[in-house]
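Notes to accompany the following structure.
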Amino acid sequence: MVPSGAMLGLDAIKAVGVGAINTITIETRKPVAGLLGAPYLQKAGLDLSGLDEAVCILAGSVTEVAREFPANVNVAAALSLAGIGADRTRMEVWADPALQRNLHTVRVTSDSSDFTMQIQNRPSAENPATGKITPQSVIALLKDLSTVLRVGT
């Protein structure tokens, strides 16, 4: 069992997956401070300190992005598991100086419906590197194990 964590709409992804999913793309935008010191930035020689507009740092499959940003792809991993896999799910990582929190936008095209989802998570007080919703998602999953009525897929 994999909780939704900080990603919304995994039930919709699973539902369209009963048919044919054409594309899934996740665009992750992070405040510059959330990316500073990432090994990929150093390896690529990217300096974000004076950034004044959003810039795409890396784009590729979730598999490719995970190699470079392993601490920043947990939402994409859950999305990939619910959908078409990490090699076919596309991901973009953006540094955005206008943001205070992480912003994830997912775009899906399928034979049954096309949709876009967006979530901006508030950081956890105990661990600012994770969203407040992430442990709440785990608690909700555990509650579902013993409930008579289950809502969602």
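Just remember, in the structure tokens the first chain shown is A, the second B, etc., residues are 1-based per chain, and ligands are 1-based in the order shown.
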
### Members of chain A assigned helix (DSSP H, G or I) by DSSP, as a PyMOL selection string
chain A and resi 10-16+32-35+39-44+62-68+70-72+74-82+133-144

Using only C-alpha atoms, what does the table of segment 6-27 of chain A residues within 9 Å of segment 111-124 of chain A look like, with each row giving the shortest atom pair and its distance in Å to one decimal, sorted by chain and ascending number, as CSV?
```
residue,atom,partner,partner_atom,distance
A:Ala6,CA,A:Asn121,CA,7.0
A:Met7,CA,A:Ile119,CA,7.3
A:Leu8,CA,A:Ile119,CA,7.1
A:Gly9,CA,A:Met117,CA,7.2
A:Val16,CA,A:Ser112,CA,6.3
A:Gly19,CA,A:Asp111,CA,6.6
A:Ala20,CA,A:Asp111,CA,5.5
A:Ile21,CA,A:Asp111,CA,6.5
A:Asn22,CA,A:Asp111,CA,7.3
```

### Query
Within 10 Å of segment 35-44 of chain A, counting only C-alpha atoms, which residues qualify if same-chain residues fewer than 5 places away don't, as number ranges by chain?
A: 29-30, 49, 57-58, 65, 67-72, 93-96

### Message
Set the distance at 7 Å and use only C-alpha atoms: which residues neighbour Ile26 of chain A once local chain neighbours fewer than 4 positions away are removed? I'd like the list as a list in words.
### Response
Ala76, Arg90, Met91, Glu92, His104, Thr105, Val106 and Arg107 of chain A

### Message
One decimal, in Å: what's the spacing between atom CA of Leu48 of chain A and atom CA of Ala77 of chain A?
### Response
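About the pair atom CA of Leu48 of chain A and atom CA of Ala77 of chain A: they are 25.5 Å apart.
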
### Message
Could you go through segment 74-153 of chain A and tell me which residues DSSP, when run on the backbone, assigns to strand (DSSP E), listing them as a PyMOL selection string?
### Response
chain A and resi 90-95+103-110+114-120

#### Entry: Which residue of A:Ile84, A:Glu126, A:Leu103, A:Val151 approaches Gly17 of chain A most closely, using only C-alpha atoms
A:Ile84

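Atom CA of Val2 of chain A is positioned 12.9 Å from atom CA of Thr153 of chain A.
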
#### Entry: Among listed residues A:Thr147, A:Asn102, A:Thr25, A:Ser110, nearest Leu79 of chain A (using only C-alpha atoms)
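Ranking A:Thr147, A:Asn102, A:Thr25, A:Ser110 by distance to Leu79 of chain A, first place goes to A:Thr25.
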
### Message
If I take atom CA of Ala59 of chain A and atom CA of Val108 of chain A, how far is one from the other in Å, to one decimal?
### Response
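These two atoms are separated by 16.7 Å.
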
### Task
Compare A:Val55, A:Ile24, A:Ala98, A:Ile139 by their minimum atom-to-atom distance to Ala86 of chain A, counting only C-alpha atoms, and give me the closest one.
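Nearest candidate to Ala86 of chain A out of A:Val55, A:Ile24, A:Ala98, A:Ile139: A:Ile24.
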
### Task
Name all residues at most 10 Å from Ser4 of chain A (count only C-alpha atoms; drop same-chain ones fewer than 3 positions away) and give them as a PyMOL selection string.
chain A and resi 1+7-11+74-75+78-79+82+133-138+140-141

Take the residues that were just selected and, keeping N, CA and C atoms, output them as a PDB file, in the first residue's frame.
```pdb
ATOM      1  N   MET A   1       0.840  -1.178   0.000  1.00  0.00           N
ATOM      2  CA  MET A   1       0.000   0.000   0.000  1.00  0.00           C
ATOM      3  C   MET A   1       0.888   1.246   0.000  1.00  0.00           C
ATOM      4  N   MET A   7       0.531  14.070  -3.002  1.00  0.00           N
ATOM      5  CA  MET A   7      -0.039  14.116  -4.347  1.00  0.00           C
ATOM      6  C   MET A   7      -1.541  13.863  -4.296  1.00  0.00           C
ATOM      7  N   LEU A   8      -2.282  14.680  -5.001  1.00  0.00           N
ATOM      8  CA  LEU A   8      -3.720  14.492  -5.069  1.00  0.00           C
ATOM      9  C   LEU A   8      -4.083  13.731  -6.332  1.00  0.00           C
ATOM     10  N   GLY A   9      -5.288  13.163  -6.357  1.00  0.00           N
ATOM     11  CA  GLY A   9      -5.854  12.604  -7.564  1.00  0.00           C
ATOM     12  C   GLY A   9      -5.338  11.258  -8.025  1.00  0.00           C
ATOM     13  N   LEU A  10      -4.660  10.508  -7.156  1.00  0.00           N
ATOM     14  CA  LEU A  10      -4.176   9.204  -7.592  1.00  0.00           C
ATOM     15  C   LEU A  10      -5.331   8.270  -7.933  1.00  0.00           C
ATOM     16  N   ASP A  11      -6.498   8.480  -7.298  1.00  0.00           N
ATOM     17  CA  ASP A  11      -7.661   7.657  -7.644  1.00  0.00           C
ATOM     18  C   ASP A  11      -8.100   7.922  -9.079  1.00  0.00           C
ATOM     19  N   ASN A  74       9.322  12.087  -4.611  1.00  0.00           N
ATOM     20  CA  ASN A  74       8.388  11.146  -3.990  1.00  0.00           C
ATOM     21  C   ASN A  74       6.981  11.266  -4.564  1.00  0.00           C
ATOM     22  N   VAL A  75       6.525  12.478  -4.864  1.00  0.00           N
ATOM     23  CA  VAL A  75       5.188  12.645  -5.443  1.00  0.00           C
ATOM     24  C   VAL A  75       5.151  12.060  -6.854  1.00  0.00           C
ATOM     25  N   ALA A  78       4.893   8.186  -6.641  1.00  0.00           N
ATOM     26  CA  ALA A  78       3.524   7.722  -6.377  1.00  0.00           C
ATOM     27  C   ALA A  78       2.669   7.859  -7.627  1.00  0.00           C
ATOM     28  N   LEU A  79       2.810   8.956  -8.327  1.00  0.00           N
ATOM     29  CA  LEU A  79       2.085   9.197  -9.567  1.00  0.00           C
ATOM     30  C   LEU A  79       2.418   8.124 -10.602  1.00  0.00           C
ATOM     31  N   ALA A  82       0.785   4.769  -9.789  1.00  0.00           N
ATOM     32  CA  ALA A  82      -0.651   4.769 -10.045  1.00  0.00           C
ATOM     33  C   ALA A  82      -0.959   4.776 -11.537  1.00  0.00           C
ATOM     34  N   ILE A 133       0.486  17.587   4.669  1.00  0.00           N
ATOM     35  CA  ILE A 133      -0.506  16.623   4.223  1.00  0.00           C
ATOM     36  C   ILE A 133       0.040  15.189   4.161  1.00  0.00           C
ATOM     37  N   THR A 134       1.342  15.023   4.051  1.00  0.00           N
ATOM     38  CA  THR A 134       1.925  13.688   3.884  1.00  0.00           C
ATOM     39  C   THR A 134       1.618  12.761   5.058  1.00  0.00           C
ATOM     40  N   PRO A 135       1.897  13.137   6.307  1.00  0.00           N
ATOM     41  CA  PRO A 135       1.526  12.240   7.401  1.00  0.00           C
ATOM     42  C   PRO A 135       0.008  12.104   7.544  1.00  0.00           C
ATOM     43  N   GLN A 136      -0.731  13.151   7.185  1.00  0.00           N
ATOM     44  CA  GLN A 136      -2.192  13.050   7.230  1.00  0.00           C
ATOM     45  C   GLN A 136      -2.689  12.002   6.236  1.00  0.00           C
ATOM     46  N   SER A 137      -2.031  11.893   5.106  1.00  0.00           N
ATOM     47  CA  SER A 137      -2.387  10.890   4.110  1.00  0.00           C
ATOM     48  C   SER A 137      -2.160   9.477   4.644  1.00  0.00           C
ATOM     49  N   VAL A 138      -1.068   9.287   5.362  1.00  0.00           N
ATOM     50  CA  VAL A 138      -0.782   7.975   5.959  1.00  0.00           C
ATOM     51  C   VAL A 138      -1.852   7.622   6.994  1.00  0.00           C
ATOM     52  N   ALA A 140      -4.938   8.711   7.068  1.00  0.00           N
ATOM     53  CA  ALA A 140      -6.179   8.430   6.340  1.00  0.00           C
ATOM     54  C   ALA A 140      -6.159   7.016   5.761  1.00  0.00           C
ATOM     55  N   LEU A 141      -5.009   6.589   5.225  1.00  0.00           N
ATOM     56  CA  LEU A 141      -4.885   5.229   4.686  1.00  0.00           C
ATOM     57  C   LEU A 141      -5.079   4.198   5.794  1.00  0.00           C
TER      58      LEU A 141
END
```

#### Entry: Counting only C-alpha atoms, the residue of A:Gly131, A:Pro97, A:Gly152, A:Pro3 that sits nearest Leu51 of chain A
A:Pro97
